[in-house]
>>> print(open('entry-v9.cif').read())   # mmCIF, C-alpha atoms
data_structure
loop_
_atom_site.label_atom_id
_atom_site.label_comp_id
_atom_site.auth_asym_id
_atom_site.auth_seq_id
_atom_site.Cartn_x
_atom_site.Cartn_y
_atom_site.Cartn_z
CA MET S 7 207.93 120.85 146.19
CA THR S 8 204.69 122.38 144.96
CA THR S 9 204.99 126.00 146.08
CA GLU S 10 203.14 128.37 143.77
CA TYR S 11 204.65 131.62 142.57
CA SER S 12 203.32 134.58 140.61
CA LEU S 13 204.28 135.17 136.98
CA GLY S 14 204.14 138.93 137.44
CA SER S 15 201.98 141.60 138.97
CA TRP S 16 200.19 142.18 135.67
CA MET S 17 199.05 138.58 135.74
CA GLY S 18 197.02 139.26 138.87
CA SER S 19 196.30 136.06 140.71
CA ARG S 20 197.44 133.73 137.93
CA THR S 21 200.10 131.34 139.16
CA VAL S 22 201.88 128.25 137.96
CA LYS S 23 203.26 125.27 139.81
CA ARG S 24 207.01 125.42 140.32
CA THR S 25 207.09 121.66 139.92
CA LEU S 26 205.77 122.05 136.36
CA VAL S 27 208.59 124.40 135.43
CA GLU S 28 211.15 122.15 137.13
CA LYS S 29 209.97 119.22 135.03
CA LEU S 30 210.16 121.30 131.89
CA VAL S 31 213.71 122.35 132.71
CA LYS S 32 214.79 118.71 132.83
CA SER S 33 213.98 118.38 129.15
CA SER S 34 215.65 121.62 128.14
CA THR S 35 218.87 119.94 127.02
CA GLU S 36 216.90 118.13 124.33
CA LEU S 37 215.77 121.45 122.86
CA TRP S 38 219.16 123.15 122.81
CA SER S 39 222.09 122.10 120.70
CA LEU S 40 224.44 124.04 122.98
CA GLN S 41 226.78 121.81 124.99
CA PRO S 42 229.43 122.69 127.61
CA CYS S 43 232.80 123.20 126.00
CA GLY S 44 236.19 124.34 127.07
CA GLY S 45 236.77 128.08 127.08
CA GLY S 46 233.08 128.99 126.65
CA CYS S 47 230.23 128.42 124.22
CA SER S 48 228.50 130.57 121.64
CA LEU S 49 225.04 130.43 120.12
CA LEU S 50 226.37 130.71 116.58
CA GLY S 51 229.43 129.22 114.96
CA PRO S 52 232.19 127.13 116.58
CA PRO S 53 233.28 127.50 120.23
CA SER S 54 235.20 130.71 120.80
CA SER S 55 237.87 131.50 123.31
CA ALA S 56 236.75 132.72 126.71
CA GLY S 57 235.64 136.32 126.88
CA LYS S 58 235.71 136.89 123.09
CA GLU S 59 232.83 137.40 120.76
CA SER S 60 231.94 134.58 118.42
CA PRO S 61 232.89 135.73 114.88
CA SER S 62 229.41 134.94 113.55
CA ILE S 63 227.75 136.89 116.34
CA LYS S 64 230.13 139.81 115.93
CA ALA S 65 229.43 139.86 112.21
CA ALA S 66 225.72 140.03 112.95
CA GLY S 67 226.36 143.09 115.09
CA THR S 68 224.47 141.71 118.08
CA GLY S 69 227.19 142.51 120.60
CA LEU S 70 226.51 139.21 122.38
CA ARG S 71 229.43 137.40 123.93
CA SER S 72 230.16 133.71 124.29
CA TRP S 73 229.37 132.15 127.60
CA PRO S 74 232.53 131.50 129.61
CA GLY S 75 230.83 128.95 131.83
CA GLY S 76 227.42 128.51 133.41
CA ALA S 77 225.91 127.56 130.06
CA GLU S 78 223.59 124.99 131.60
CA GLN S 79 222.19 127.58 133.98
CA ARG S 80 221.73 130.18 131.25
CA ARG S 81 219.88 127.89 128.87
CA SER S 82 217.70 126.57 131.69
CA GLN S 83 216.73 130.14 132.54
CA ASP S 84 215.94 130.86 128.88
CA PHE S 85 213.88 127.68 128.67
CA ILE S 86 211.89 128.69 131.76
CA ARG S 87 211.19 132.10 130.23
CA LYS S 88 209.91 130.44 127.05
CA GLN S 89 207.61 128.19 129.05
CA GLU S 90 206.33 131.08 131.16
CA THR S 91 205.56 132.99 127.96
CA ALA S 92 203.61 130.01 126.60
CA ILE S 93 201.67 129.71 129.85
CA MET S 94 200.88 133.43 129.92
CA ALA S 95 199.67 133.34 126.31
CA GLY S 96 196.53 131.53 127.45
CA LYS S 97 193.55 130.87 125.22
CA PRO S 98 193.25 132.35 121.73
CA LYS S 99 191.16 135.52 121.72
CA LEU S 100 188.97 136.08 118.67
CA HIS S 101 187.97 139.64 117.80
CA TYR S 102 184.87 139.67 115.57
CA PHE S 103 181.21 140.49 115.71
CA ASN S 104 178.59 138.08 117.07
CA ALA S 105 178.01 136.03 113.92
CA ARG S 106 179.52 133.24 111.84
CA GLY S 107 181.00 135.37 109.08
CA ARG S 108 184.64 134.91 108.17
CA VAL S 109 185.68 133.52 111.53
CA GLU S 110 183.30 130.56 111.76
CA SER S 111 185.78 128.35 109.91
CA LEU S 112 188.32 129.13 112.62
CA ARG S 113 185.82 128.22 115.34
CA TRP S 114 185.36 124.86 113.64
CA LEU S 115 189.11 124.35 113.34
CA LEU S 116 189.71 125.13 117.01
CA ALA S 117 186.84 122.84 117.96
CA THR S 118 188.36 120.05 115.87
CA ALA S 119 191.69 120.53 117.64
CA GLY S 120 189.97 120.62 121.04
CA VAL S 121 191.25 124.14 121.75
CA GLU S 122 189.26 126.41 124.04
CA PHE S 123 189.05 130.05 122.97
CA GLU S 124 187.67 133.37 124.10
CA GLU S 125 185.66 135.82 122.01
CA ILE S 126 185.86 139.59 122.29
CA LEU S 127 182.78 140.73 120.41
CA ILE S 128 182.65 143.91 118.36
CA THR S 129 179.24 145.44 119.04
CA CYS S 130 179.65 149.06 117.96
CA GLN S 131 181.80 151.42 115.90
CA GLU S 132 183.81 152.40 118.96
CA ASP S 133 184.99 148.81 119.48
CA LEU S 134 186.36 148.61 115.94
CA ASP S 135 187.80 152.13 116.03
CA LYS S 136 189.68 151.29 119.21
CA LEU S 137 191.40 148.35 117.54
CA LYS S 138 192.25 150.47 114.49
CA SER S 139 193.58 153.47 116.42
CA GLY S 140 195.64 151.16 118.62
CA GLY S 141 197.49 149.86 115.56
CA ARG S 142 196.28 146.33 116.21
CA LEU S 143 194.79 145.63 112.78
CA MET S 144 197.38 145.37 110.02
CA PHE S 145 194.81 146.01 107.28
CA GLN S 146 192.24 147.86 109.38
CA GLN S 147 189.81 144.93 109.38
CA VAL S 148 188.78 141.90 111.39
CA PRO S 149 188.88 139.03 112.21
CA MET S 150 191.90 139.40 114.45
CA VAL S 151 193.15 136.72 116.81
CA GLU S 152 195.48 137.16 119.77
CA ILE S 153 197.70 134.10 120.24
CA ASP S 154 201.29 133.34 121.25
CA GLY S 155 202.15 137.01 121.70
CA MET S 156 200.89 137.89 118.20
CA GLU S 157 197.86 139.63 116.75
CA LEU S 158 197.04 137.69 113.61
CA VAL S 159 194.81 138.97 110.81
CA GLN S 160 193.59 137.62 107.46
CA THR S 161 191.40 134.57 107.80
CA ARG S 162 193.44 132.07 105.82
CA ALA S 163 196.70 133.12 107.46
CA ILE S 164 195.05 132.54 110.83
CA LEU S 165 193.72 129.15 109.74
CA ASN S 166 197.14 128.10 108.44
CA TYR S 167 198.79 129.06 111.72
CA PHE S 168 196.41 127.07 113.90
CA ALA S 169 196.30 124.11 111.52
CA SER S 170 200.11 123.93 111.60
CA LYS S 171 200.23 124.47 115.36
CA HIS S 172 197.85 121.58 116.00
CA ASN S 173 199.12 119.17 113.33
CA LEU S 174 196.09 119.54 111.07
CA TYR S 175 197.93 120.78 108.00
CA GLY S 176 199.12 117.55 106.37
CA LYS S 177 202.26 115.51 106.80
CA ASP S 178 204.10 116.82 103.73
CA LEU S 179 203.98 119.41 100.94
CA LYS S 180 201.65 117.32 98.77
CA GLU S 181 199.05 116.99 101.51
CA ARG S 182 199.32 120.68 102.35
CA ALA S 183 198.80 121.56 98.68
CA LEU S 184 195.63 119.44 98.59
CA ILE S 185 194.39 121.04 101.81
CA ASP S 186 195.05 124.49 100.35
CA MET S 187 193.04 123.63 97.24
CA TYR S 188 190.03 122.54 99.27
CA VAL S 189 190.33 125.58 101.53
CA GLU S 190 190.48 127.95 98.57
CA GLY S 191 187.48 126.27 96.98
CA MET S 192 185.50 126.55 100.19
CA ALA S 193 186.58 130.18 100.51
CA ASP S 194 185.07 130.93 97.09
CA LEU S 195 181.76 129.44 98.21
CA ASN S 196 181.94 131.11 101.59
CA ASP S 197 182.43 134.53 99.98
CA MET S 198 179.01 134.16 98.40
CA VAL S 199 177.37 132.86 101.56
CA VAL S 200 178.84 135.50 103.89
CA VAL S 201 177.47 138.45 101.91
CA PHE S 202 174.11 136.87 101.09
CA PRO S 203 172.24 138.35 104.09
CA MET S 204 173.40 141.82 103.06
CA HIS S 205 171.73 141.72 99.64
CA SER S 206 168.49 143.57 99.06
CA PRO S 207 165.25 141.54 99.04
CA GLU S 208 165.03 142.02 95.28
CA GLU S 209 168.44 140.36 94.78
CA LYS S 210 168.15 137.48 97.21
CA ASP S 211 166.22 135.00 95.05
CA ALA S 212 168.74 135.18 92.23
CA LYS S 213 171.74 135.06 94.62
CA LEU S 214 170.33 132.07 96.47
CA ALA S 215 169.72 130.20 93.22
CA LEU S 216 173.35 130.82 92.22
CA ILE S 217 174.65 129.56 95.58
CA ARG S 218 172.54 126.40 95.32
CA GLU S 219 173.67 125.70 91.77
CA LYS S 220 177.38 126.08 92.54
CA THR S 221 177.12 124.20 95.82
CA THR S 222 175.35 121.25 94.22
CA ASN S 223 177.28 120.98 90.98
CA ARG S 224 180.73 122.35 91.77
CA TYR S 225 181.76 122.32 95.43
CA PHE S 226 180.00 119.46 97.22
CA PRO S 227 180.95 116.81 94.63
CA ALA S 228 184.64 117.71 95.06
CA PHE S 229 184.44 117.39 98.83
CA GLU S 230 182.48 114.14 98.70
CA LYS S 231 185.32 112.53 96.73
CA ALA S 232 187.86 113.51 99.35
CA LEU S 233 186.10 112.99 102.67
CA LYS S 234 186.64 109.59 104.30
CA THR S 235 184.52 110.29 107.35
CA ARG S 236 182.06 112.87 108.59
CA ILE S 237 183.75 115.60 110.58
CA SER S 238 180.68 115.74 112.80
CA ASP S 239 181.59 112.26 114.05
CA LEU S 240 184.70 113.62 115.80
CA PRO S 241 184.09 113.86 119.58
CA THR S 242 185.39 117.44 119.79
CA VAL S 243 183.17 118.53 116.91
CA LYS S 244 180.14 116.75 118.38
CA LYS S 245 180.64 118.86 121.49
CA PHE S 246 180.90 122.01 119.38
CA LEU S 247 177.58 121.18 117.70
CA GLN S 248 175.72 120.87 120.99
CA PRO S 249 173.43 123.67 122.18
CA GLY S 250 175.23 126.21 124.33
CA SER S 251 178.57 125.91 122.50
CA GLN S 252 180.43 128.80 120.87
CA ARG S 253 179.08 127.90 117.46
CA LYS S 254 177.14 130.84 116.09
CA PRO S 255 173.52 130.64 114.90
CA LEU S 256 172.31 131.87 111.53
CA LEU S 257 172.21 135.62 111.16
CA THR S 258 169.11 137.36 112.42
CA ALA S 259 167.82 140.74 111.29
CA GLU S 260 169.03 142.21 114.57
CA ALA S 261 172.55 140.81 114.09
CA ILE S 262 172.69 142.18 110.55
CA ALA S 263 171.68 145.62 111.79
CA GLU S 264 174.34 145.45 114.49
CA ALA S 265 177.00 144.46 111.95
CA ARG S 266 176.00 147.26 109.59
CA LYS S 267 176.35 149.74 112.42
CA ALA S 268 179.74 148.47 113.60
CA PHE S 269 181.28 148.05 110.14
CA ARG S 270 179.57 151.03 108.48
CA PHE S 271 178.11 149.31 105.44
#
>>> encode(input="entry-v9.cif", output="structure tokens")
Amino acid sequence: MTTEYSLGSWMGSRTVKRTLVEKLVKSSTELWSLQPCGGGCSLLGPPSSAGKESPSIKAAGTGLRSWPGGAEQRRSQDFIRKQETAIMAGKPKLHYFNARGRVESLRWLLATAGVEFEEILITCQEDLDKLKSGGRLMFQQVPMVEIDGMELVQTRAILNYFASKHNLYGKDLKERALIDMYVEGMADLNDMVVVFPMHSPEEKDAKLALIREKTTNRYFPAFEKALKTRISDLPTVKKFLQPGSQRKPLLTAEAIAEARKAFRF
């Protein structure tokens, strides 16, 4: 059966195939440790007698009761709700201004993972003020990314989340530590590059010379030792590098003026 049904009026015309959900339900028992048991089942602790609260649940003060039957139906319903939530989450939404800045590394990461994303561009003070007044920016600054029912801020926290989500954050603690070291090193370099266009003309020659010196003698040699292949050889990244992609161009004078206006600097 392939009848479509709505996920809710707020979703508008967005629908999902019932057959998809039915297939997902079939695998729900693999994701739940709960099994039918005599006298009812509880989410925490050993099976409790029918109609009584599990001691561990009662201690937690949740007021939940054990399930005196129908456990399969209940966990299937919960599984469906989880899948509907994942479907409704949709593409990541990036809130930032129309430039590379601190979010370009995330664009590259999403491109590497083959993840499509949307961008909600900040073009004026009102756009940023709306996010701030709505309590959507933990530290009153962007980038901010909407994903999986969350509003994530802080660039490296966002990168860590997506890298983990898409299995790009190493296979163990040692690999993750190495990745973190390279990321932190690149962040140091990026901090200099990001603010370079904002320097006065009198400062730019000296700042550019410093960036070139550190790039050549400190950062690139470290990366060249570690890289086994060119990231640009990955099919998803090749697509990202093509004209018309969501990769941002170098900052123009107009973009800098727009950023100054929106971010008041």
>>> resolve_selection(input="entry-v9.cif", expression="the PyMOL selection byres ((chain S and resi 125-132) around 8)", output="count of residues only")
18
>>> closest_residue(input="entry-v9.cif", among="S:Leu137, S:Ala193, S:Met187, S:Leu257", to="Ala105 in chain S", atoms="all atoms listed in the file")
S:Leu257
>>> resolve_selection(input="entry-v9.cif", expression="the PyMOL selection byres ((chain S and resi 152) around 10)", output="VMD selection string")
chain S and resid 95 to 101 124 142 150 to 151 153 to 159
>>> write_last_selection(input="entry-v9.cif", atoms="C-alpha atoms", output="mmCIF file, in the coordinates of the input")
data_model
loop_
_atom_site.group_PDB
_atom_site.id
_atom_site.type_symbol
_atom_site.label_atom_id
_atom_site.label_comp_id
_atom_site.auth_asym_id
_atom_site.auth_seq_id
_atom_site.Cartn_x
_atom_site.Cartn_y
_atom_site.Cartn_z
ATOM 1 C CA ALA S 95 199.670 133.340 126.310
ATOM 2 C CA GLY S 96 196.530 131.530 127.450
ATOM 3 C CA LYS S 97 193.550 130.870 125.220
ATOM 4 C CA PRO S 98 193.250 132.350 121.730
ATOM 5 C CA LYS S 99 191.160 135.520 121.720
ATOM 6 C CA LEU S 100 188.970 136.080 118.670
ATOM 7 C CA HIS S 101 187.970 139.640 117.800
ATOM 8 C CA GLU S 124 187.670 133.370 124.100
ATOM 9 C CA ARG S 142 196.280 146.330 116.210
ATOM 10 C CA MET S 150 191.900 139.400 114.450
ATOM 11 C CA VAL S 151 193.150 136.720 116.810
ATOM 12 C CA ILE S 153 197.700 134.100 120.240
ATOM 13 C CA ASP S 154 201.290 133.340 121.250
ATOM 14 C CA GLY S 155 202.150 137.010 121.700
ATOM 15 C CA MET S 156 200.890 137.890 118.200
ATOM 16 C CA GLU S 157 197.860 139.630 116.750
ATOM 17 C CA LEU S 158 197.040 137.690 113.610
ATOM 18 C CA VAL S 159 194.810 138.970 110.810
#
>>> resolve_selection(input="entry-v9.cif", expression="the PyMOL selection byres ((chain S and resi 161) around 7)", output="ChimeraX atom specification")
/S:108-109,149,159-160,162-165
>>> closest_residue(input="entry-v9.cif", among="S:Leu116, S:Val121, S:Ala261, S:Met204", to="Asn166 in chain S", atoms="only C-alpha atoms")
S:Leu116
>>> atom_distance(input="entry-v9.cif", atom1="CA of Asp211 in chain S", atom2="CA of Ala259 in chain S")
17.3 Å
>>> residues_around(input="entry-v9.cif", residues="range 217-232 of chain S", least_positions_apart="5", cutoff="12 Å", atoms="only C-alpha atoms", output="ChimeraX atom specification")
/S:181,184-185,187-202,210-212,237
>>> write_last_selection(input="entry-v9.cif", atoms="C-alpha atoms", output="JSON list (two decimals), keeping the file's coordinate frame")
[["chain", "number", "residue", "atom", "x", "y", "z"],
["S", 181, "GLU", "CA", 199.05, 116.99, 101.51],
["S", 184, "LEU", "CA", 195.63, 119.44, 98.59],
["S", 185, "ILE", "CA", 194.39, 121.04, 101.81],
["S", 187, "MET", "CA", 193.04, 123.63, 97.24],
["S", 188, "TYR", "CA", 190.03, 122.54, 99.27],
["S", 189, "VAL", "CA", 190.33, 125.58, 101.53],
["S", 190, "GLU", "CA", 190.48, 127.95, 98.57],
["S", 191, "GLY", "CA", 187.48, 126.27, 96.98],
["S", 192, "MET", "CA", 185.50, 126.55, 100.19],
["S", 193, "ALA", "CA", 186.58, 130.18, 100.51],
["S", 194, "ASP", "CA", 185.07, 130.93, 97.09],
["S", 195, "LEU", "CA", 181.76, 129.44, 98.21],
["S", 196, "ASN", "CA", 181.94, 131.11, 101.59],
["S", 197, "ASP", "CA", 182.43, 134.53, 99.98],
["S", 198, "MET", "CA", 179.01, 134.16, 98.40],
["S", 199, "VAL", "CA", 177.37, 132.86, 101.56],
["S", 200, "VAL", "CA", 178.84, 135.50, 103.89],
["S", 201, "VAL", "CA", 177.47, 138.45, 101.91],
["S", 202, "PHE", "CA", 174.11, 136.87, 101.09],
["S", 210, "LYS", "CA", 168.15, 137.48, 97.21],
["S", 211, "ASP", "CA", 166.22, 135.00, 95.05],
["S", 212, "ALA", "CA", 168.74, 135.18, 92.23],
["S", 237, "ILE", "CA", 183.75, 115.60, 110.58]]
>>> closest_residue(input="entry-v9.cif", among="S:Thr118, S:Gln147, S:Ser111, S:Ser139", to="Phe246 in chain S", atoms="only C-alpha atoms")
S:Thr118
>>> atom_distance(input="entry-v9.cif", atom1="CA of Leu233 in chain S", atom2="CA of His172 in chain S")
19.7 Å
>>> atom_distance(input="entry-v9.cif", atom1="CA of Pro203 in chain S", atom2="CA of Glu260 in chain S")
11.6 Å
>>> closest_residue(input="entry-v9.cif", among="S:Arg182, S:Arg253, S:Arg236, S:Lys171", to="Gly107 in chain S", atoms="all atoms listed in the file")
S:Arg253
>>> axis_aligned_box(input="entry-v9.cif", around="range 212-222 of chain S", padding_each_side="4 Å", output="AutoDock Vina command-line options")
--center_x 173.1 --center_y 128.2 --center_z 94.1 --size_x 16.6 --size_y 21.9 --size_z 12.7
